[in-house]
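Participant: This is the structure I have questions about; it appears just below.
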Amino acid sequence: MRRAWLIYNPYAGRFPAGFFLSRAVRVLSDAAWDVYVTESSDGESVAELARKAVEEGCQAVFVAGGDGSVGQAAGALAGTQTALGVLPTGTANVWAQGIGLPRLDWSNWFALEEAAASLALGQTRLVDVGRCGQHAFLLWGGLGLDGRIVNSLEPRQRWEKALGTIHYATLAFWTSLEWEGMDLRVESGERSWEGRFLVAVASNIRSYAGGLLELSPGALVDDGLLDFWLISGRSVVDAVMRVVQVLVGSHVDAPGVVHFQASHATFHSAYPLPMQFDGEPYVLQTPLEFSVSQKALRVLVPRDAQALFSAETAAQGREE
């Protein structure tokens, strides 16, 4: 019998998911998992609970929450033998979308047990974890306009999350009206860039902006590299133009857009910057040192999950 903790964030998502968890636990139990369920609402963060699960010798930690909760657990589990499994109960669930798990919403009341079954019959892969100083992220670290939007959004009330994309897009528009960009200098190896940018992103995954956009179409989660994007501009008109470019896929070679892959980069600014790591808000002083820990995290994924992984890793996964 394999041991696991299931950490539930009751504040995640458009509606409470606790009612549906018992069925997911039953699916895992039928697949020979001994599951202990705990909540992150008792003063202990998801990261703290994940570290306790490691100390207990668990083979896995299942997180029932959104991308913020998943990112916290990923940082705590990186470098350990304990795997991360996700039961998507958040608002966007970008990681779950990327590996092909169904999302709990009004049209799919059975998503959690379906996700549990996929992970119980799935496989374990090794993925990279991004880092910025003491902060770890599984998906992205972003600064500038998206950091400002997240700092304005979070924490959200449940009714605001129920509005989902509409609420996000509306607030993003109003926030961009006042945003004039940020003066930034970025260094990576012997290369450097300097200018006024709307957004700067270090991405470990293809999707962006809550899964609404595909910013990094070639990103892989196990190649030891982050995709860095520096998007220039200083007005709402520039922001709208950039969104359209990303939507149609023309941003990759667009003037004023810098894209590079690297395992390390340093960001410099004369003032603190609004940031987000996996959708969680921060304001940090530069310099910011971005790096990546290659294949530092074990993750449970469905057996047919291949899109985000390198061909070599995907082939190895199929053979397990």
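Each chain in the structure tokens gets a letter, A, B, ..., in the order shown, and its residues are numbered from 1; ligands are numbered from 1 in order too.
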Fewer than 2 positions away in the same chain doesn't count, so skip those; otherwise give me all residues within 8 Å of range 136-150 of chain A, counting only C-alpha atoms, as number ranges by chain.
Facilitator: A: 70-72, 74-75, 95, 128-134, 152-154, 171-172, 175-176, 179, 181-182, 197-205, 209, 273-282
Participant: According to DSSP computed on the backbone, where in range 121-309 of chain A is there alpha helix (DSSP H)? Give the residues as a VMD selection string.
Facilitator: chain A and resid 145 to 153 158 to 163 165 to 177 236 to 248
Participant: For Ala64 in chain A, which residue out of A:Val35, A:Leu6, A:Ala50, A:Leu84 is the nearest one, using only C-alpha atoms?
Facilitator: A:Leu6
Participant: Name all residues at most 12 Å from Gln97 in chain A (count only C-alpha atoms; drop same-chain ones fewer than 3 positions away) and give them as a ChimeraX atom specification.
Facilitator: /A:66-67,86-94,100-104,115,139,205-208,210-212,301-302,305,307-308
Participant: Suppose you want the space between CA of Arg234 in chain A and CA of Ala270 in chain A; what is it in Å?
Facilitator: 17.0 Å
Participant: Leaving out Ser22 in chain A and any residue of its chain fewer than 5 positions from it, which residues lie within 12 Å of it when counting only C-alpha atoms, given as a ChimeraX atom specification?
Facilitator: /A:6,8,17,27-29,35-37,64,110,112-113,116
Participant: Set the distance at 8 Å and use only C-alpha atoms: which residues neighbour range 242-247 of chain A once local chain neighbours fewer than 3 positions away are removed? I'd like the list as a ChimeraX atom specification.
Facilitator: /A:213-215,231,238-239,250-252,254
Participant: For a quick check of understanding, using only C-alpha atoms, which of A:Leu49, A:Val257, A:Ala265, A:Ala83 has the smallest distance to Gly189 in chain A?
Facilitator: A:Ala265
Participant: Which one is closest to Gly195 in chain A: A:His268, A:Arg125, A:Arg2, A:Arg51? Count only C-alpha atoms.
Facilitator: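 Between A:His268, A:Arg125, A:Arg2, A:Arg51, the residue approaching Gly195 in chain A most closely is A:His268.
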Participant: Have a look at CA of Lys52 in chain A and CA of Asn151 in chain A and let me know their distance in Å, one decimal.
Facilitator: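 CA of Asn151 in chain A lies at a distance of 29.1 Å from CA of Lys52 in chain A.
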Participant: One decimal, in Å: what's the spacing between CA of Tyr271 in chain A and CA of Leu284 in chain A?
Facilitator: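 Taking CA of Tyr271 in chain A and CA of Leu284 in chain A, their separation equals 8.8 Å.
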Participant: As a PyMOL selection string, please: every residue in range 114-257 of chain A that a backbone DSSP assignment puts in strand (DSSP E or B).
Facilitator: chain A and resi 123-132+135-137+140-144+182-188+191-203+207-208+213-214+226-232+257
Participant: Looking at A:Leu288, A:Val221, A:Leu226, A:Ile99, which one is nearest to Arg185 in chain A, with distances taken over only C-alpha atoms?
Facilitator: A:Leu288
Participant: Let me make sure I understand: among A:Gly256, A:Gly18, A:Pro217, A:Pro287, which one has the smallest atom-to-atom distance to Met241 in chain A if we use only C-alpha atoms?
Facilitator: A:Gly256
Participant: Which of these, A:Ala4, A:Ser41, A:Phe62, A:Asn108, has the shortest distance to Leu300 in chain A once you count only C-alpha atoms?
Facilitator: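 Comparing A:Ala4, A:Ser41, A:Phe62, A:Asn108 against Leu300 in chain A, the winner is A:Phe62.
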